[in-house]
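Novice: File work.txt follows (compact mmCIF, C-alpha atoms):
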```txt
# COMPACT_ATOMS: atom_id res chain seq x y z
CA MET A 473 106.81 129.91 102.88
CA THR A 474 103.30 131.30 103.15
CA PRO A 475 102.66 134.15 100.70
CA SER A 476 102.74 136.75 103.45
CA GLY A 477 105.64 135.09 105.26
CA GLU A 478 103.45 134.72 108.33
CA HIS A 479 102.72 131.66 110.39
CA ARG A 480 99.72 129.57 109.55
CA ARG A 481 98.01 126.94 111.59
CA LEU A 482 98.68 123.32 110.65
CA GLU A 483 95.27 121.88 109.82
CA PRO A 484 94.87 118.31 111.05
CA GLU A 485 92.34 117.29 108.39
CA PRO A 486 94.71 116.78 105.44
CA LEU A 487 97.45 115.12 107.50
CA GLY A 488 95.86 111.70 107.07
CA ASP A 489 96.72 111.91 103.37
CA TYR A 490 100.39 111.45 104.21
CA VAL A 491 100.14 108.22 106.21
CA ASP A 492 101.41 106.01 103.39
CA ARG A 493 104.44 108.18 102.69
CA LEU A 494 105.24 108.58 106.38
CA TYR A 495 104.92 104.83 106.89
CA ARG A 496 107.34 104.11 104.01
CA ALA A 497 109.84 106.62 105.38
CA ALA A 498 109.48 105.15 108.87
CA TRP A 499 110.10 101.64 107.56
CA ALA A 500 113.21 102.87 105.75
CA LEU A 501 114.46 104.53 108.94
CA THR A 502 113.74 101.64 111.29
CA GLY A 503 114.27 98.71 108.95
CA ASN A 504 111.13 96.84 109.92
CA PRO A 505 107.38 97.37 109.48
CA HIS A 506 106.45 96.83 113.12
CA ASP A 507 108.69 99.62 114.42
CA ALA A 508 107.54 101.75 111.50
CA GLU A 509 103.92 101.49 112.61
CA ASP A 510 104.80 102.53 116.15
CA LEU A 511 106.95 105.40 114.93
CA VAL A 512 104.26 106.80 112.64
CA GLN A 513 101.59 106.52 115.31
CA ASP A 514 103.79 108.25 117.88
CA THR A 515 104.62 110.99 115.40
CA TYR A 516 100.98 111.72 114.60
CA ALA A 517 100.04 111.61 118.27
CA ARG A 518 102.76 114.13 119.05
CA VAL A 519 101.95 116.48 116.17
CA LEU A 520 98.20 116.39 116.83
CA ALA A 521 98.53 116.81 120.59
CA ARG A 522 98.42 120.60 120.31
CA PRO A 523 97.97 123.29 117.65
CA ARG A 524 101.02 123.81 115.43
CA PHE A 525 101.96 126.93 113.48
CA LEU A 526 104.19 126.73 110.42
CA ARG A 527 105.92 129.27 108.24
CA HIS A 528 106.04 126.84 105.32
CA ASP A 529 103.27 125.29 103.27
CA ASP A 530 104.98 121.94 103.32
CA ASP A 531 102.95 119.79 105.71
CA LEU A 532 104.65 116.57 104.64
CA GLY A 533 108.05 118.12 105.27
CA TYR A 534 106.92 119.10 108.74
CA LEU A 535 105.65 115.58 109.44
CA LEU A 536 108.87 114.06 108.14
CA GLN A 537 110.88 116.37 110.35
CA ALA A 538 108.78 115.28 113.34
CA LEU A 539 109.23 111.65 112.30
CA THR A 540 113.02 111.86 112.11
CA HIS A 541 113.18 113.68 115.45
CA GLN A 542 110.96 111.06 117.01
CA HIS A 543 113.15 108.32 115.55
CA SER A 544 116.31 109.96 116.87
CA SER A 545 114.74 110.37 120.32
CA ARG A 546 113.82 106.71 120.39
CA GLY A 547 117.38 105.80 119.45
CA ARG A 548 118.75 107.94 122.25
CA ARG A 549 116.24 106.53 124.71
CA ALA A 550 117.29 103.05 123.70
CA GLY A 551 120.82 103.95 124.73
CA ALA A 552 122.25 104.63 121.31
CA ARG A 553 121.29 105.02 117.72
CA PRO A 554 120.35 101.79 115.95
CA ALA A 555 123.40 99.69 115.23
CA GLU A 556 124.57 99.74 111.65
CA VAL A 557 124.60 96.17 110.47
CA PRO A 558 125.53 94.60 107.18
CA LEU A 559 122.66 93.92 104.83
CA GLU A 560 122.92 90.17 105.25
CA ALA A 561 122.68 90.39 109.02
CA ALA A 562 119.74 92.77 108.78
CA ALA A 563 117.91 90.39 106.48
CA ASN A 564 118.55 87.49 108.82
CA ASP A 565 117.28 89.49 111.78
CA ALA A 566 113.94 89.69 110.05
CA GLY A 567 113.39 86.08 111.14
CA PRO A 568 111.93 83.36 108.99
CA ALA A 569 111.27 84.82 105.61
CA PHE A 570 107.62 84.10 105.10
CA ASP A 571 104.95 85.79 107.15
CA PRO A 572 101.50 85.69 105.57
CA ARG A 573 100.25 88.27 108.05
CA ARG A 574 102.70 90.81 106.68
CA PRO A 575 102.57 90.59 102.91
CA GLU A 576 103.65 94.21 102.67
CA ALA A 577 107.05 93.07 103.91
CA ALA A 578 107.43 90.71 101.01
CA PHE A 579 109.89 90.62 98.18
CA ALA A 580 112.09 93.48 97.15
CA VAL A 581 110.61 96.01 99.57
CA ALA A 582 111.98 94.23 102.62
CA GLU A 583 115.44 94.00 101.05
CA LEU A 584 115.39 97.66 100.06
CA PHE A 585 114.24 99.03 103.41
CA SER A 586 116.68 96.80 105.30
CA ALA A 587 119.47 98.18 103.14
CA ILE A 588 118.42 101.79 103.74
CA ALA A 589 118.10 101.22 107.48
CA GLY A 590 121.66 99.90 107.49
CA LEU A 591 123.07 103.18 106.18
CA ALA A 592 124.57 105.89 108.36
CA PRO A 593 121.86 108.17 109.85
CA ASP A 594 122.56 111.15 107.54
CA ALA A 595 122.37 109.03 104.42
CA ARG A 596 119.34 107.12 105.68
CA GLU A 597 117.40 110.30 106.37
CA ALA A 598 118.27 111.79 102.97
CA ILE A 599 117.01 108.73 101.10
CA ALA A 600 113.93 108.43 103.30
CA ALA A 601 113.00 112.07 102.67
CA VAL A 602 113.57 112.25 98.90
CA ASP A 603 113.32 108.79 97.37
CA VAL A 604 110.95 107.14 99.85
CA ALA A 605 108.68 109.96 101.09
CA GLY A 606 108.87 111.87 97.81
CA LEU A 607 109.87 115.34 99.04
CA THR A 608 111.58 117.73 96.65
CA TYR A 609 115.26 118.40 97.30
CA ALA A 610 114.40 121.86 98.64
CA ASP A 611 111.68 120.60 100.99
CA ALA A 612 113.80 117.67 102.15
CA ALA A 613 116.76 119.95 102.89
CA ALA A 614 114.48 122.26 104.89
CA ALA A 615 112.94 119.34 106.79
CA LEU A 616 116.35 117.91 107.66
CA GLY A 617 117.85 121.31 108.48
CA ILE A 618 120.67 121.08 105.96
CA LYS A 619 121.69 122.88 102.75
CA GLU A 620 120.37 121.56 99.48
CA ALA A 621 123.91 120.96 98.24
CA THR A 622 124.65 118.87 101.32
CA LEU A 623 121.51 116.87 100.78
CA THR A 624 122.45 116.24 97.14
CA THR A 625 125.88 114.95 98.13
CA ARG A 626 124.43 112.66 100.78
CA LEU A 627 121.85 111.36 98.37
CA HIS A 628 124.40 110.49 95.69
CA ARG A 629 126.54 108.59 98.16
CA ALA A 630 123.58 106.86 99.76
CA ARG A 631 122.12 105.74 96.43
CA ARG A 632 125.46 104.34 95.30
CA ARG A 633 125.77 102.43 98.58
CA ILE A 634 122.24 101.05 98.25
CA ALA A 635 122.99 99.87 94.71
CA GLU A 636 126.16 98.15 95.96
CA LEU A 637 124.37 96.48 98.85
CA LEU A 638 121.52 95.18 96.73
CA SER A 639 123.89 94.02 93.97
CA THR A 640 125.86 92.07 96.54
CA GLU A 641 122.68 90.55 97.91
CA ARG A 642 121.45 89.47 94.49
CA ALA A 643 124.86 88.13 93.48
CA ALA A 644 124.77 85.90 96.55
CA LEU A 645 121.55 84.20 95.40
CA MET B 1425 123.02 107.02 87.40
CA SER B 1426 122.23 108.38 90.86
CA GLU B 1427 118.86 109.63 89.58
CA ASP B 1428 118.11 106.20 88.12
CA ILE B 1429 118.81 104.52 91.44
CA GLY B 1430 116.63 107.10 93.18
CA ALA B 1431 113.79 106.44 90.73
CA THR B 1432 114.07 102.70 91.29
CA ILE B 1433 113.96 103.18 95.05
CA ALA B 1434 110.93 105.46 94.69
CA ARG B 1435 109.07 102.96 92.50
CA THR B 1436 109.73 100.11 94.91
CA ALA B 1437 108.78 102.16 97.97
CA ALA B 1438 105.58 103.33 96.32
CA THR B 1439 104.23 99.77 96.33
CA VAL B 1440 103.93 99.93 100.13
CA SER B 1441 100.76 101.15 101.84
CA ALA B 1442 100.24 101.80 105.52
CA PRO B 1443 98.31 99.01 107.27
CA PRO B 1444 94.59 99.81 107.69
CA ASP B 1445 94.89 99.31 111.43
CA LEU B 1446 97.51 102.05 111.64
CA ARG B 1447 95.18 104.41 109.77
CA ARG B 1448 92.40 103.64 112.22
CA ARG B 1449 94.66 104.31 115.20
CA ILE B 1450 95.79 107.62 113.71
CA GLU B 1451 92.21 108.56 112.93
CA ARG B 1452 91.26 107.97 116.56
CA SER B 1453 94.06 110.24 117.72
CA ARG B 1454 92.81 113.17 115.62
CA PRO B 1455 90.77 115.99 117.17
CA PRO B 1456 86.96 115.55 116.95
CA ARG B 1457 86.51 118.29 114.34
CA ALA B 1458 89.04 116.61 112.09
CA ARG B 1459 87.36 113.25 112.57
CA LEU B 1460 83.99 114.71 111.62
CA ALA B 1461 85.42 116.20 108.47
CA ALA B 1462 87.10 112.93 107.59
CA THR B 1463 83.88 111.03 108.20
CA ALA B 1464 82.02 113.37 105.87
CA VAL B 1465 84.66 112.85 103.20
CA VAL B 1466 84.48 109.07 103.64
CA LEU B 1467 80.67 109.06 103.48
CA GLY B 1468 80.76 111.21 100.36
CA THR B 1469 83.30 108.92 98.75
CA VAL B 1470 81.29 105.82 99.63
CA ALA B 1471 78.12 107.38 98.19
CA MET B 1472 79.95 108.27 95.01
CA LEU B 1473 81.43 104.80 94.70
CA ALA B 1474 78.05 103.21 95.36
CA ALA B 1475 76.61 105.25 92.50
CA ILE B 1476 79.21 104.07 90.02
CA LEU B 1477 79.99 100.73 91.54
CA VAL B 1478 82.18 98.89 89.09
CA PRO B 1479 84.30 95.93 90.18
CA SER B 1480 87.97 96.66 89.72
CA GLY B 1481 90.98 94.44 89.59
CA PRO B 1482 91.33 90.82 88.56
CA SER B 1483 89.46 87.84 89.97
CA ILE B 1484 91.21 85.42 92.29
CA GLU B 1485 90.92 82.81 89.53
CA GLN B 1486 92.85 85.08 87.14
CA VAL B 1487 95.53 85.68 89.77
CA ALA B 1488 95.88 81.94 90.45
CA GLY B 1489 96.08 81.25 86.71
CA ALA B 1490 98.97 83.68 86.26
CA ALA B 1491 100.70 82.45 89.39
CA LEU B 1492 100.87 78.88 88.11
CA ASN B 1493 103.15 79.83 85.23
CA ALA B 1494 106.85 78.99 85.38
CA PRO B 1495 109.22 81.21 87.37
CA THR B 1496 111.11 83.85 85.43
CA ARG B 1497 113.78 84.69 88.00
CA SER B 1498 115.38 83.58 91.23
CA ALA B 1499 113.43 83.79 94.45
CA PRO B 1500 114.36 86.67 96.78
CA ALA B 1501 116.79 85.54 99.45
CA THR B 1502 114.44 86.80 102.13
CA GLN B 1503 111.71 84.43 100.96
CA ALA B 1504 113.84 81.29 100.76
CA TYR B 1505 111.78 78.98 102.98
CA ALA B 1506 108.18 78.78 104.13
CA GLY B 1507 106.36 76.09 106.05
CA GLY B 1508 108.82 73.36 105.08
CA TYR B 1509 108.87 74.38 101.43
CA ARG B 1510 111.85 75.81 99.59
CA ALA B 1511 111.54 78.76 97.20
CA VAL B 1512 112.66 77.78 93.70
CA GLY B 1513 111.82 80.93 91.77
CA ALA B 1514 109.66 83.98 91.35
CA ARG B 1515 107.76 85.86 88.69
CA THR B 1516 105.95 89.18 88.35
CA ASP B 1517 102.78 89.58 86.30
CA ARG B 1518 100.28 92.28 85.56
CA VAL B 1519 96.85 90.78 86.02
CA GLY B 1520 93.81 92.94 85.41
CA GLY B 1521 96.02 96.00 85.67
CA ARG B 1522 97.49 94.97 89.01
CA ARG B 1523 101.05 93.94 89.84
CA ALA B 1524 101.13 90.39 91.15
CA VAL B 1525 104.39 89.06 92.57
CA THR B 1526 104.62 85.29 92.94
CA VAL B 1527 107.17 83.15 94.74
CA ILE B 1528 107.11 79.47 93.78
CA TYR B 1529 107.84 76.99 96.57
CA ARG B 1530 108.48 73.25 96.30
CA ARG B 1531 108.61 70.31 98.65
CA GLY B 1532 109.46 67.19 96.72
CA ALA B 1533 107.36 67.25 93.58
CA ALA B 1534 104.63 69.40 95.10
CA GLY B 1535 104.59 73.09 94.26
CA VAL B 1536 102.84 75.96 95.98
CA HIS B 1537 102.60 79.32 94.21
CA TYR B 1538 102.26 82.24 96.62
CA THR B 1539 101.16 85.57 95.16
CA VAL B 1540 100.72 89.03 96.65
CA VAL B 1541 98.60 91.42 94.58
CA ASP B 1542 99.22 95.16 94.88
CA GLY B 1543 96.52 97.76 95.28
CA GLU B 1544 93.11 97.66 96.91
CA PRO B 1545 92.08 94.26 98.28
CA LEU B 1546 90.40 92.05 95.69
CA GLU B 1547 87.00 90.50 96.20
CA LEU B 1548 87.43 87.02 97.63
CA PRO B 1549 85.45 84.22 95.99
CA GLU B 1550 82.19 82.93 97.41
CA ALA B 1551 83.76 79.90 99.03
CA ARG B 1552 84.30 77.99 102.23
CA ARG B 1553 85.81 80.29 104.89
CA VAL B 1554 88.27 79.12 107.50
CA ARG B 1555 89.91 81.02 110.33
CA ALA B 1556 93.64 80.50 110.83
CA GLY B 1557 94.80 82.70 113.68
CA ASP B 1558 93.93 86.24 112.67
CA LEU B 1559 93.61 85.32 109.00
CA ARG B 1560 90.26 84.66 107.38
CA LEU B 1561 90.90 82.33 104.49
CA ALA B 1562 88.67 81.64 101.48
CA LEU B 1563 89.10 78.06 100.16
CA THR B 1564 88.06 77.11 96.66
CA ARG B 1565 88.94 75.05 93.57
CA TYR B 1566 89.18 76.11 89.96
CA GLY B 1567 89.31 72.92 87.89
CA ASP B 1568 92.27 70.94 89.21
CA VAL B 1569 93.77 73.93 91.03
CA ASN B 1570 93.32 74.34 94.77
CA VAL B 1571 93.28 77.95 95.88
CA VAL B 1572 93.39 79.70 99.24
CA ALA B 1573 93.04 83.48 99.33
CA TRP B 1574 92.95 86.09 102.06
CA GLN B 1575 93.43 89.77 102.71
CA ALA B 1576 96.13 91.14 104.96
CA GLY B 1577 97.90 94.44 105.30
CA GLY B 1578 95.53 95.97 102.73
CA ARG B 1579 96.57 93.51 100.03
CA THR B 1580 95.39 90.23 98.63
CA CYS B 1581 97.33 87.01 99.07
CA VAL B 1582 96.69 83.90 96.98
CA LEU B 1583 98.07 80.37 97.28
CA ALA B 1584 97.57 78.09 94.29
CA SER B 1585 98.59 74.48 93.80
CA ARG B 1586 97.71 71.53 91.62
CA ALA B 1587 99.53 68.98 93.79
CA GLU B 1588 98.76 70.14 97.31
CA GLY B 1589 95.30 69.88 98.86
CA LEU B 1590 93.42 72.68 100.56
CA ASP B 1591 94.47 71.45 104.01
CA ALA B 1592 98.14 71.74 103.07
CA LEU B 1593 97.54 75.24 101.68
CA VAL B 1594 95.79 76.29 104.88
CA ARG B 1595 98.78 75.04 106.89
CA PHE B 1596 101.08 76.95 104.56
CA ALA B 1597 99.03 80.14 104.98
CA SER B 1598 99.08 79.68 108.74
CA THR B 1599 102.87 79.68 108.84
CA SER B 1600 104.01 82.53 110.96
CA ARG B 1601 107.15 83.84 112.51
CA ALA B 1602 108.53 81.47 115.08
```
Would you mind writing the file's structure down as structure tokens?
Specialist:
Amino acid sequence: MTPSGEHRRLEPEPLGDYVDRLYRAAWALTGNPHDAEDLVQDTYARVLARPRFLRHDDDLGYLLQALTHQHSSRGRRAGARPAEVPLEAAANDAGPAFDPRRPEAAFAVAELFSAIAGLAPDAREAIAAVDVAGLTYADAAAALGIKEATLTTRLHRARRRIAELLSTERAAL
Amino acid sequence: MSEDIGATIARTAATVSAPPDLRRRIERSRPPRARLAATAVVLGTVAMLAAILVPSGPSIEQVAGAALNAPTRSAPATQAYAGGYRAVGARTDRVGGRRAVTVIYRRGAAGVHYTVVDGEPLELPEARRVRAGDLRLALTRYGDVNVVAWQAGGRTCVLASRAEGLDALVRFASTSRA
């Protein structure tokens, strides 16, 4: 909250500092880097389209909130939320493994983000906000519109599930 | 335990940077005043860097040297095949302070070591340049090691091989999604 509790204008200048974190969160939500790029660009375009006034000082939280809303809207527009698929199927959907034009998709990152994208939406958003984008529990709870205790519970479950998924994947090697 | 998993996820995620092209598109969508301010910041940063210009990060030769070492673990399942080669292992090194992840591929007796180096793009060697699609490849040799290097997605990619020639490495680098 601002010291006086009043609204303040969201300044566009510093927002570029959050592109990396937004991009990571978007990749975790969508499961692939191409959709992540589109999602981040759409989110910035939407936020910057007109002046915004916030009660909080947390610009990243605001951007993450806009990102998750944008992602949900896309899912609805597509007819439904993204299908939850097993990790193995998600990995196979990525196509042939090697793409020299996308080195950022390489190695463990692709496995991790595919696993997160395969979680239920609540769990996926909790992990994307805290572990991927780096928000505090309090800021993440505010951005997602839930209580901090709820966020903590979702995070614990989601992290356990991610560990199981990745263990299964590695055991299959 | 939950916190440990969260920390591991955070460390892995932090290795990812947004593609430069995405940054440019976002920059273009910002209001003019914001763009001016950003330009001033960039110009100031460039001037400062020019004043204290010190090369950072390893050379491509150092990266290739580390990449040619034996694998230390299994290859990720998502990197199992590339351009007719099969992944046989992987290793992670710190070279010149940078994390370099290598997957080792084989076809018959010939090995190709493919490395992605984290952080700002490294300076490519003064070498023959070849275009392969939208990649601009630098081709060179260090002793008996053939090396192809390029920059993509804000990172540096290096292929190194003693058995395969530069042509084969260029074909490997050109492999793209079907």
Novice: Might you pull out every residue within 8 Å of Leu591 (chain A), with all atoms listed in the file counted and same-chain residues fewer than 4 positions away left off, and present them as a PDB file with C-alpha atoms, keeping the file's coordinate frame?
Specialist:
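Okay, this is what ended up in part.pdb:
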```pdb
ATOM      1  CA  GLU A 556     124.570  99.740 111.650  1.00  0.00           C
ATOM      2  CA  ALA A 587     119.470  98.180 103.140  1.00  0.00           C
ATOM      3  CA  ALA A 595     122.370 109.030 104.420  1.00  0.00           C
ATOM      4  CA  ARG A 596     119.340 107.120 105.680  1.00  0.00           C
ATOM      5  CA  ALA A 630     123.580 106.860  99.760  1.00  0.00           C
TER       6      ALA A 630
END
```
Novice: Go ahead and compute the interatomic distance for CA of Val1594 (chain B) and CA of Ala1573 (chain B), in Å to one decimal.
Specialist: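 So the answer is 9.5 Å.
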Novice: What does the distance between CA of Gly606 (chain A) and CA of Glu1544 (chain B) come to in Å, to one decimal place?
Specialist: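 Here the two named atoms are 21.2 Å from each other.
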Novice: For Arg518 (chain A), which residue out of A:Leu532, A:Ala601, A:Ala497, A:Leu539 is the nearest one, using only C-alpha atoms?
Specialist: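 Between A:Leu532, A:Ala601, A:Ala497, A:Leu539, the residue approaching Arg518 (chain A) most closely is A:Leu539.
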Novice: Set the distance at 12 Å and use all atoms listed in the file: which residues neighbour Ala613 (chain A) once local chain neighbours fewer than 4 positions away are removed? I'd like the list as a PyMOL selection string.
Specialist: chain A and resi 530+533-534+536-537+594+597-602+607-609+617-627
Novice: Could you work out how far CA of Val1440 (chain B) lies from CA of Ile634 (chain A), giving the answer in Å with one decimal?
Specialist: 18.4 Å
Novice: Please identify all polymer residues within 8 Å of Leu1563 (chain B), counting only C-alpha atoms, omitting same-chain residues fewer than 5 positions from it, and present them as a list in words.
Specialist: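 Within the cut-off, the hits are Ala1551, Arg1552, Arg1553, Val1554, Asn1570, Val1571, Val1572, Ala1573 and Leu1590 of chain B.
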